[in-house]
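So this block is model_4.pdb, PDB, C-alpha atoms, pLDDT in the B column:
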ATOM      1  CA  MET N   1      64.896  90.481  56.932  1.00 37.00           C
ATOM      2  CA  THR N   2      63.436  93.186  59.133  1.00 39.00           C
ATOM      3  CA  GLY N   3      62.981  93.193  62.893  1.00 41.00           C
ATOM      4  CA  ILE N   4      60.044  95.272  64.047  1.00 40.00           C
ATOM      5  CA  PHE N   5      60.714  95.621  67.753  1.00 42.00           C
ATOM      6  CA  GLU N   6      63.665  95.993  70.060  1.00 45.00           C
ATOM      7  CA  GLU N   7      63.250  92.584  71.620  1.00 50.00           C
ATOM      8  CA  PRO N   8      64.835  90.220  74.135  1.00 55.00           C
ATOM      9  CA  GLY N   9      67.751  88.174  72.860  1.00 58.00           C
ATOM     10  CA  TYR N  10      67.072  85.352  70.424  1.00 57.00           C
ATOM     11  CA  GLU N  11      68.307  82.801  72.958  1.00 69.00           C
ATOM     12  CA  ASP N  12      65.785  84.007  75.577  1.00 81.00           C
ATOM     13  CA  CYS N  13      62.769  83.226  73.382  1.00 88.00           C
ATOM     14  CA  ILE N  14      60.839  80.267  72.074  1.00 88.00           C
ATOM     15  CA  ASN N  15      61.223  80.972  68.368  1.00 91.00           C
ATOM     16  CA  ILE N  16      58.336  80.089  66.074  1.00 91.00           C
ATOM     17  CA  LYS N  17      58.684  80.398  62.305  1.00 93.00           C
ATOM     18  CA  VAL N  18      55.372  80.894  60.488  1.00 93.00           C
ATOM     19  CA  ALA N  19      55.145  80.597  56.692  1.00 92.00           C
ATOM     20  CA  VAL N  20      52.379  82.826  55.302  1.00 93.00           C
ATOM     21  CA  VAL N  21      51.205  81.807  51.843  1.00 90.00           C
ATOM     22  CA  GLY N  22      48.274  82.502  49.537  1.00 89.00           C
ATOM     23  CA  ARG N  23      47.211  84.084  46.272  1.00 88.00           C
ATOM     24  CA  PRO N  24      48.028  87.723  45.431  1.00 86.00           C
ATOM     25  CA  GLY N  25      45.494  90.053  47.021  1.00 85.00           C
ATOM     26  CA  ALA N  26      44.336  87.570  49.664  1.00 88.00           C
ATOM     27  CA  GLY N  27      45.364  89.944  52.453  1.00 87.00           C
ATOM     28  CA  LYS N  28      48.613  88.348  53.653  1.00 88.00           C
ATOM     29  CA  SER N  29      50.552  91.575  54.191  1.00 86.00           C
ATOM     30  CA  ASN N  30      47.776  93.354  56.093  1.00 85.00           C
ATOM     31  CA  LEU N  31      47.247  90.246  58.204  1.00 87.00           C
ATOM     32  CA  ILE N  32      50.924  90.125  59.170  1.00 88.00           C
ATOM     33  CA  THR N  33      51.030  93.885  59.804  1.00 84.00           C
ATOM     34  CA  THR N  34      48.092  93.497  62.185  1.00 82.00           C
ATOM     35  CA  LEU N  35      49.634  90.495  63.938  1.00 84.00           C
ATOM     36  CA  CYS N  36      52.914  92.356  64.408  1.00 82.00           C
ATOM     37  CA  ARG N  37      51.384  95.781  65.135  1.00 73.00           C
ATOM     38  CA  ALA N  38      53.750  97.253  62.577  1.00 61.00           C
ATOM     39  CA  GLY N  39      53.420  99.886  59.903  1.00 51.00           C
ATOM     40  CA  THR N  40      50.297 101.170  58.195  1.00 49.00           C
ATOM     41  CA  LEU N  41      47.455  99.048  56.892  1.00 46.00           C
ATOM     42  CA  SER N  42      46.561  99.555  53.252  1.00 49.00           C
ATOM     43  CA  SER N  43      43.094  99.451  51.703  1.00 51.00           C
ATOM     44  CA  LYS N  44      44.693  99.102  48.259  1.00 55.00           C
ATOM     45  CA  TYR N  45      46.558  96.113  46.877  1.00 53.00           C
ATOM     46  CA  ILE N  46      50.332  96.566  47.025  1.00 60.00           C
ATOM     47  CA  GLU N  47      52.357  93.687  45.643  1.00 64.00           C
ATOM     48  CA  THR N  48      54.930  92.153  47.981  1.00 62.00           C
ATOM     49  CA  ILE N  49      58.336  91.967  46.333  1.00 64.00           C
ATOM     50  CA  GLY N  50      60.569  89.082  47.337  1.00 70.00           C
ATOM     51  CA  VAL N  51      60.422  87.531  50.814  1.00 81.00           C
ATOM     52  CA  ILE N  52      59.442  89.731  53.768  1.00 85.00           C
ATOM     53  CA  VAL N  53      59.979  88.681  57.395  1.00 89.00           C
ATOM     54  CA  GLN N  54      58.315  90.450  60.323  1.00 90.00           C
ATOM     55  CA  HIS N  55      58.463  89.592  64.022  1.00 90.00           C
ATOM     56  CA  ALA N  56      56.269  89.849  67.096  1.00 88.00           C
ATOM     57  CA  THR N  57      57.458  88.963  70.602  1.00 88.00           C
ATOM     58  CA  PHE N  58      55.334  88.288  73.697  1.00 85.00           C
ATOM     59  CA  ARG N  59      56.196  87.629  77.321  1.00 84.00           C
ATOM     60  CA  LEU N  60      55.252  84.219  78.692  1.00 83.00           C
ATOM     61  CA  ASN N  61      53.115  84.163  81.816  1.00 81.00           C
ATOM     62  CA  GLU N  62      55.729  81.894  83.382  1.00 81.00           C
ATOM     63  CA  PRO N  63      59.188  80.798  82.201  1.00 82.00           C
ATOM     64  CA  HIS N  64      59.125  77.635  80.069  1.00 79.00           C
ATOM     65  CA  ASN N  65      62.270  75.535  79.742  1.00 81.00           C
ATOM     66  CA  GLY N  66      64.308  78.575  80.670  1.00 84.00           C
ATOM     67  CA  LYS N  67      62.594  80.830  78.109  1.00 86.00           C
ATOM     68  CA  ASN N  68      60.736  83.985  79.083  1.00 85.00           C
ATOM     69  CA  CYS N  69      59.273  85.005  75.719  1.00 87.00           C
ATOM     70  CA  VAL N  70      57.862  83.631  72.517  1.00 87.00           C
ATOM     71  CA  ARG N  71      58.854  85.243  69.239  1.00 90.00           C
ATOM     72  CA  TYR N  72      56.896  84.670  66.051  1.00 90.00           C
ATOM     73  CA  SER N  73      58.663  85.242  62.739  1.00 93.00           C
ATOM     74  CA  PHE N  74      56.185  85.614  59.867  1.00 93.00           C
ATOM     75  CA  TRP N  75      57.673  84.806  56.453  1.00 92.00           C
ATOM     76  CA  GLU N  76      55.769  85.988  53.398  1.00 89.00           C
ATOM     77  CA  ALA N  77      56.690  85.487  49.748  1.00 81.00           C
ATOM     78  CA  GLY N  78      54.986  87.755  47.222  1.00 70.00           C
ATOM     79  CA  GLY N  79      52.333  85.703  45.391  1.00 59.00           C
ATOM     80  CA  ARG N  80      53.275  86.558  41.806  1.00 58.00           C
ATOM     81  CA  ILE N  81      56.989  86.747  42.507  1.00 57.00           C
ATOM     82  CA  ALA N  82      56.907  83.358  44.265  1.00 53.00           C
ATOM     83  CA  GLY N  83      55.323  81.886  41.151  1.00 55.00           C
ATOM     84  CA  LYS N  84      58.135  83.297  39.030  1.00 58.00           C
ATOM     85  CA  TYR N  85      61.071  82.339  41.260  1.00 53.00           C
ATOM     86  CA  SER N  86      60.836  78.768  42.467  1.00 60.00           C
ATOM     87  CA  HIS N  87      63.208  79.174  45.442  1.00 66.00           C
ATOM     88  CA  MET N  88      61.048  81.678  47.352  1.00 72.00           C
ATOM     89  CA  LEU N  89      58.260  79.467  48.678  1.00 79.00           C
ATOM     90  CA  PRO N  90      60.685  76.733  49.770  1.00 83.00           C
ATOM     91  CA  ALA N  91      62.604  79.395  51.733  1.00 84.00           C
ATOM     92  CA  CYS N  92      59.388  80.272  53.575  1.00 86.00           C
ATOM     93  CA  TYR N  93      58.426  76.649  54.188  1.00 87.00           C
ATOM     94  CA  ASP N  94      61.907  75.555  55.291  1.00 89.00           C
ATOM     95  CA  ALA N  95      61.940  74.698  59.014  1.00 90.00           C
ATOM     96  CA  ALA N  96      58.580  76.430  59.556  1.00 90.00           C
ATOM     97  CA  ASN N  97      56.750  75.401  62.720  1.00 90.00           C
ATOM     98  CA  LEU N  98      53.412  76.353  61.220  1.00 90.00           C
ATOM     99  CA  GLU N  99      51.868  77.456  57.917  1.00 90.00           C
ATOM    100  CA  LEU N 100      49.192  80.134  57.569  1.00 91.00           C
ATOM    101  CA  HIS N 101      47.326  79.582  54.300  1.00 91.00           C
ATOM    102  CA  VAL N 102      45.510  82.855  53.605  1.00 92.00           C
ATOM    103  CA  PHE N 103      42.565  83.073  51.216  1.00 93.00           C
ATOM    104  CA  SER N 104      39.858  85.634  50.529  1.00 92.00           C
ATOM    105  CA  LEU N 105      36.257  84.520  50.934  1.00 93.00           C
ATOM    106  CA  THR N 106      35.504  86.669  47.877  1.00 92.00           C
ATOM    107  CA  ASP N 107      37.956  84.731  45.682  1.00 93.00           C
ATOM    108  CA  ARG N 108      36.611  81.391  44.478  1.00 94.00           C
ATOM    109  CA  LEU N 109      39.829  80.385  42.755  1.00 93.00           C
ATOM    110  CA  GLY N 110      41.789  81.155  45.898  1.00 91.00           C
ATOM    111  CA  PHE N 111      39.624  78.753  47.922  1.00 93.00           C
ATOM    112  CA  GLU N 112      40.020  76.001  45.327  1.00 92.00           C
ATOM    113  CA  GLU N 113      43.793  76.487  45.325  1.00 90.00           C
ATOM    114  CA  LEU N 114      43.756  76.433  49.129  1.00 89.00           C
ATOM    115  CA  GLU N 115      42.174  72.988  49.186  1.00 86.00           C
ATOM    116  CA  LYS N 116      44.771  71.663  46.735  1.00 88.00           C
ATOM    117  CA  ASN N 117      47.679  73.254  48.618  1.00 86.00           C
ATOM    118  CA  ILE N 118      46.536  71.877  51.954  1.00 85.00           C
ATOM    119  CA  GLU N 119      46.255  68.396  50.477  1.00 83.00           C
ATOM    120  CA  VAL N 120      49.846  68.677  49.217  1.00 83.00           C
ATOM    121  CA  ARG N 121      51.346  70.406  52.263  1.00 84.00           C
ATOM    122  CA  SER N 122      49.607  68.227  54.878  1.00 78.00           C
ATOM    123  CA  HIS N 123      52.121  65.471  54.141  1.00 78.00           C
ATOM    124  CA  SER N 124      55.113  67.632  55.084  1.00 78.00           C
ATOM    125  CA  SER N 125      53.814  70.375  57.401  1.00 73.00           C
ATOM    126  CA  PRO N 126      53.178  69.575  61.084  1.00 70.00           C
ATOM    127  CA  CYS N 127      50.632  72.401  61.553  1.00 86.00           C
ATOM    128  CA  ILE N 128      48.366  74.271  59.123  1.00 88.00           C
ATOM    129  CA  VAL N 129      45.977  77.114  59.897  1.00 88.00           C
ATOM    130  CA  ALA N 130      43.730  78.373  57.065  1.00 90.00           C
ATOM    131  CA  VAL N 131      42.780  82.040  57.392  1.00 91.00           C
ATOM    132  CA  GLY N 132      39.774  83.283  55.444  1.00 90.00           C
ATOM    133  CA  THR N 133      39.844  87.068  55.018  1.00 89.00           C
ATOM    134  CA  ARG N 134      37.018  89.526  54.227  1.00 86.00           C
ATOM    135  CA  HIS N 135      34.643  87.612  56.480  1.00 83.00           C
ATOM    136  CA  ASP N 136      32.641  90.817  56.863  1.00 80.00           C
ATOM    137  CA  SER N 137      31.933  91.053  53.093  1.00 81.00           C
ATOM    138  CA  VAL N 138      29.195  88.409  53.181  1.00 79.00           C
ATOM    139  CA  ALA N 139      27.392  89.746  50.107  1.00 83.00           C
ATOM    140  CA  SER N 140      30.538  89.206  48.036  1.00 87.00           C
ATOM    141  CA  TRP N 141      31.403  85.729  49.276  1.00 90.00           C
ATOM    142  CA  SER N 142      32.142  83.169  46.589  1.00 91.00           C
ATOM    143  CA  VAL N 143      32.628  80.334  49.089  1.00 91.00           C
ATOM    144  CA  ALA N 144      29.531  78.600  50.474  1.00 91.00           C
ATOM    145  CA  PRO N 145      29.212  78.130  54.280  1.00 90.00           C
ATOM    146  CA  PRO N 146      28.936  74.316  53.930  1.00 92.00           C
ATOM    147  CA  GLU N 147      32.327  74.337  52.184  1.00 92.00           C
ATOM    148  CA  LEU N 148      33.846  76.253  55.088  1.00 90.00           C
ATOM    149  CA  LEU N 149      32.251  73.835  57.528  1.00 89.00           C
ATOM    150  CA  SER N 150      33.740  70.914  55.635  1.00 89.00           C
ATOM    151  CA  LEU N 151      37.163  72.574  55.718  1.00 86.00           C
ATOM    152  CA  SER N 152      36.888  73.315  59.447  1.00 83.00           C
ATOM    153  CA  GLN N 153      36.026  69.675  60.168  1.00 84.00           C
ATOM    154  CA  SER N 154      39.135  68.444  58.381  1.00 76.00           C
ATOM    155  CA  SER N 155      41.694  66.843  60.677  1.00 63.00           C
ATOM    156  CA  GLN N 156      44.437  68.454  58.572  1.00 72.00           C
ATOM    157  CA  VAL N 157      43.681  72.110  59.196  1.00 83.00           C
ATOM    158  CA  THR N 158      42.435  74.689  61.696  1.00 85.00           C
ATOM    159  CA  LEU N 159      40.180  77.394  60.202  1.00 88.00           C
ATOM    160  CA  CYS N 160      40.011  81.042  61.291  1.00 86.00           C
ATOM    161  CA  LEU N 161      37.814  83.691  59.623  1.00 85.00           C
ATOM    162  CA  VAL N 162      38.705  87.383  59.905  1.00 82.00           C
ATOM    163  CA  GLY N 163      37.219  90.624  58.627  1.00 75.00           C
ATOM    164  CA  ASN N 164      38.911  93.216  56.468  1.00 64.00           C
ATOM    165  CA  THR N 165      42.159  93.908  58.329  1.00 55.00           C
ATOM    166  CA  ALA N 166      42.518  97.201  56.436  1.00 51.00           C
ATOM    167  CA  ASP N 167      39.614  98.480  58.554  1.00 47.00           C
ATOM    168  CA  THR N 168      41.280  97.468  61.818  1.00 49.00           C
ATOM    169  CA  LYS N 169      42.222 100.288  64.172  1.00 50.00           C
ATOM    170  CA  LEU N 170      45.774  99.761  65.394  1.00 45.00           C
ATOM    171  CA  VAL N 171      46.007 100.708  69.071  1.00 47.00           C
ATOM    172  CA  ASP N 172      49.360 100.532  70.856  1.00 48.00           C
ATOM    173  CA  ASN N 173      50.035  97.065  72.281  1.00 48.00           C
ATOM    174  CA  GLU N 174      46.420  95.952  71.864  1.00 50.00           C
ATOM    175  CA  LEU N 175      45.209  93.235  69.523  1.00 54.00           C
ATOM    176  CA  PRO N 176      41.735  93.003  67.991  1.00 59.00           C
ATOM    177  CA  GLU N 177      39.686  90.107  69.350  1.00 67.00           C
ATOM    178  CA  PHE N 178      39.930  88.105  66.130  1.00 66.00           C
ATOM    179  CA  MET N 179      43.718  88.428  66.137  1.00 70.00           C
ATOM    180  CA  ALA N 180      43.874  87.221  69.733  1.00 75.00           C
ATOM    181  CA  GLU N 181      41.832  84.220  68.577  1.00 77.00           C
ATOM    182  CA  LEU N 182      44.250  83.581  65.712  1.00 80.00           C
ATOM    183  CA  TYR N 183      47.283  83.765  68.014  1.00 81.00           C
ATOM    184  CA  GLY N 184      45.523  81.307  70.303  1.00 81.00           C
ATOM    185  CA  MET N 185      45.113  78.891  67.391  1.00 81.00           C
ATOM    186  CA  ILE N 186      48.763  79.279  66.411  1.00 82.00           C
ATOM    187  CA  SER N 187      49.977  78.731  69.985  1.00 82.00           C
ATOM    188  CA  LYS N 188      47.805  75.654  70.436  1.00 80.00           C
ATOM    189  CA  SER N 189      48.864  74.213  67.068  1.00 79.00           C
ATOM    190  CA  VAL N 190      52.582  74.432  67.831  1.00 78.00           C
ATOM    191  CA  GLY N 191      52.212  73.452  71.492  1.00 80.00           C
ATOM    192  CA  ILE N 192      53.683  76.502  73.197  1.00 79.00           C
ATOM    193  CA  PRO N 193      52.558  77.682  76.662  1.00 72.00           C
ATOM    194  CA  GLN N 194      49.726  80.141  77.193  1.00 67.00           C
ATOM    195  CA  HIS N 195      50.935  83.726  77.092  1.00 68.00           C
ATOM    196  CA  GLU N 196      49.470  87.173  77.473  1.00 65.00           C
ATOM    197  CA  LEU N 197      49.059  89.084  74.228  1.00 62.00           C
ATOM    198  CA  VAL N 198      51.124  92.105  75.248  1.00 59.00           C
ATOM    199  CA  LEU N 199      53.892  92.922  72.835  1.00 61.00           C
ATOM    200  CA  VAL N 200      57.433  93.353  74.099  1.00 65.00           C
ATOM    201  CA  LYS N 201      58.952  96.580  72.791  1.00 50.00           C
TER     202      LYS N 201
END
As a first step, turn the structure in this file into structure tokens.
Amino acid sequence: MTGIFEEPGYEDCINIKVAVVGRPGAGKSNLITTLCRAGTLSSKYIETIGVIVQHATFRLNEPHNGKNCVRYSFWEAGGRIAGKYSHMLPACYDAANLELHVFSLTDRLGFEELEKNIEVRSHSSPCIVAVGTRHDSVASWSVAPPELLSLSQSSQVTLCLVGNTADTKLVDNELPEFMAELYGMISKSVGIPQHELVLVK
């Protein structure tokens, strides 16, 4: 388990565990790296080995129930490895406040698996956000817009579409607009107070 920032104490934060799941190559690692402003984005597929945990902490605009910050812990299990070792996905799902189901709009099978997974997980997960990556690669889409509309209208899931995160320019303490939108969806889904998107170092 790796902490990315020197942050306020655990007890001073609202702690949100986010399980990040999806097929290999969907863009989970780059998405988390962008959300946490950590490391270098890769334009090539690099398989995630085991379970990786990264954190991002933000100050609340006002204290809430004695807490001054909100800390998101993003848990990712490598797609192929998770399929091989049955304990990895349950470790990510366990006590998660929210699930991010990541799929590539250029991967038809990934979208079909997403629909099945959401149907299964909706019975046990309080909050699900589906994140469609490679939104900017319209010519390569294998998912039709009406299918996305149908998914977005589902009462079980919130849908967010993002471009290729590998093309995102990482600027200190600043989040791209689409990532601010995604954090807004996460915050609303888990019912935490509004907060400014300025990372605590």
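Atom CA of Ser189 of chain N sits 6.1 Å away from atom CA of Cys127 of chain N.
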What do you get, as number ranges by chain, if you spell out every residue that the PyMOL selection byres ((chain N and resi 193) around 12) selects here? N: 14, 58-65, 67-70, 183-192, 194-196
Extract, using only C-alpha atoms, all DNA, RNA and protein residues at most 10 Å from Asp136 of chain N, discarding same-chain residues fewer than 5 positions from it, and format them as a ChimeraX atom specification. /N:105,141,161-164
Output file for the residues above (C-alpha atoms, as an mmCIF file, in the frame of the given file):
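Wrote it out as result-v2.cif, contents follow:
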data_model
loop_
_atom_site.group_PDB
_atom_site.id
_atom_site.type_symbol
_atom_site.label_atom_id
_atom_site.label_comp_id
_atom_site.auth_asym_id
_atom_site.auth_seq_id
_atom_site.Cartn_x
_atom_site.Cartn_y
_atom_site.Cartn_z
ATOM 1 C CA LEU N 105 36.257 84.520 50.934
ATOM 2 C CA TRP N 141 31.403 85.729 49.276
ATOM 3 C CA LEU N 161 37.814 83.691 59.623
ATOM 4 C CA VAL N 162 38.705 87.383 59.905
ATOM 5 C CA GLY N 163 37.219 90.624 58.627
ATOM 6 C CA ASN N 164 38.911 93.216 56.468
#
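If you apply the PyMOL selection byres ((chain N and resi 160) around 10) to this structure, you end up with Leu100, Val102, Val129, Ala130, Val131, Gly132, Thr133, His135, Leu148, Ser152, Val157, Thr158, Leu159, Leu161, Val162, Phe178, Met179, Glu181, Leu182 and Met185 of chain N.
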With C-alpha atoms retained, export the selected residues as a PDB file, in the frame of the given file.
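Ended up saving to part38.pdb:
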ATOM      1  CA  LEU N 100      49.192  80.134  57.569  1.00 91.00           C
ATOM      2  CA  VAL N 102      45.510  82.855  53.605  1.00 92.00           C
ATOM      3  CA  VAL N 129      45.977  77.114  59.897  1.00 88.00           C
ATOM      4  CA  ALA N 130      43.730  78.373  57.065  1.00 90.00           C
ATOM      5  CA  VAL N 131      42.780  82.040  57.392  1.00 91.00           C
ATOM      6  CA  GLY N 132      39.774  83.283  55.444  1.00 90.00           C
ATOM      7  CA  THR N 133      39.844  87.068  55.018  1.00 89.00           C
ATOM      8  CA  HIS N 135      34.643  87.612  56.480  1.00 83.00           C
ATOM      9  CA  LEU N 148      33.846  76.253  55.088  1.00 90.00           C
ATOM     10  CA  SER N 152      36.888  73.315  59.447  1.00 83.00           C
ATOM     11  CA  VAL N 157      43.681  72.110  59.196  1.00 83.00           C
ATOM     12  CA  THR N 158      42.435  74.689  61.696  1.00 85.00           C
ATOM     13  CA  LEU N 159      40.180  77.394  60.202  1.00 88.00           C
ATOM     14  CA  LEU N 161      37.814  83.691  59.623  1.00 85.00           C
ATOM     15  CA  VAL N 162      38.705  87.383  59.905  1.00 82.00           C
ATOM     16  CA  PHE N 178      39.930  88.105  66.130  1.00 66.00           C
ATOM     17  CA  MET N 179      43.718  88.428  66.137  1.00 70.00           C
ATOM     18  CA  GLU N 181      41.832  84.220  68.577  1.00 77.00           C
ATOM     19  CA  LEU N 182      44.250  83.581  65.712  1.00 80.00           C
ATOM     20  CA  MET N 185      45.113  78.891  67.391  1.00 81.00           C
TER      21      MET N 185
END
So what does the PyMOL selection byres ((chain N and resi 28) around 10) actually pick up in this one, as a ChimeraX atom specification? /N:20-27,29-34,48,76-79,100-104,131,133,165
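Between atom CA of Glu113 of chain N and atom CA of His55 of chain N the separation is 27.1 Å.
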With distances taken over only C-alpha atoms, which of N:Arg37, N:Arg108, N:Arg71, N:Lys17 is nearest to Ser140 of chain N?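 Smallest distance to Ser140 of chain N is found for N:Arg108.
One finds atom CA of His123 of chain N at 17.7 Å from atom CA of Gln153 of chain N.
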Which residue, N:Ala144, N:Gln156, N:Asp12, N:Leu151, has the smallest gap to Val120 of chain N when you use all atoms listed in the file?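 Nearest to Val120 of chain N: N:Gln156.
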If we count all atoms listed in the file and set the cut-off at 9 Å, which residues sit around Cys36 of chain N, ignoring sequence neighbours fewer than 4 positions away in its own chain? Please answer as a list in words.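 Near neighbours after the sequence-gap exclusion: Ile4, Leu31, Ile32, Gln54, His55, Ala56, Thr57, Tyr72, Phe74 and Leu199 of chain N.
Environment of (57.6, 73.4, 61.0): residues at most 9 Å away, judged by all atoms listed in the file, are N:Ile16, N:Lys17, N:Val18, N:Ala19, N:Tyr93, N:Asp94, N:Ala95, N:Ala96, N:Asn97, N:Leu98, N:Glu99, N:Ser124, N:Ser125, N:Pro126, N:Cys127, N:Val190.
With distances restricted to all atoms listed in the file, N:Asp107 is the closest residue to Ser142 of chain N from N:Ile128, N:Asp107, N:Glu112, N:Ser154.
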Box dimensions and centre (Å, one decimal) enclosing segment 145-153 of chain N, axis-aligned, 5 Å extra per side, as JSON:
{"center_x": 33.0, "center_y": 73.9, "center_z": 56.2, "size_x": 18.2, "size_y": 18.5, "size_z": 18.0}
Nearest to Gly66 of chain N: which of N:Ile52, N:Leu149, N:Cys13, N:Val138 is it, counting only C-alpha atoms?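 Among the listed residues, N:Cys13 lies closest to Gly66 of chain N.
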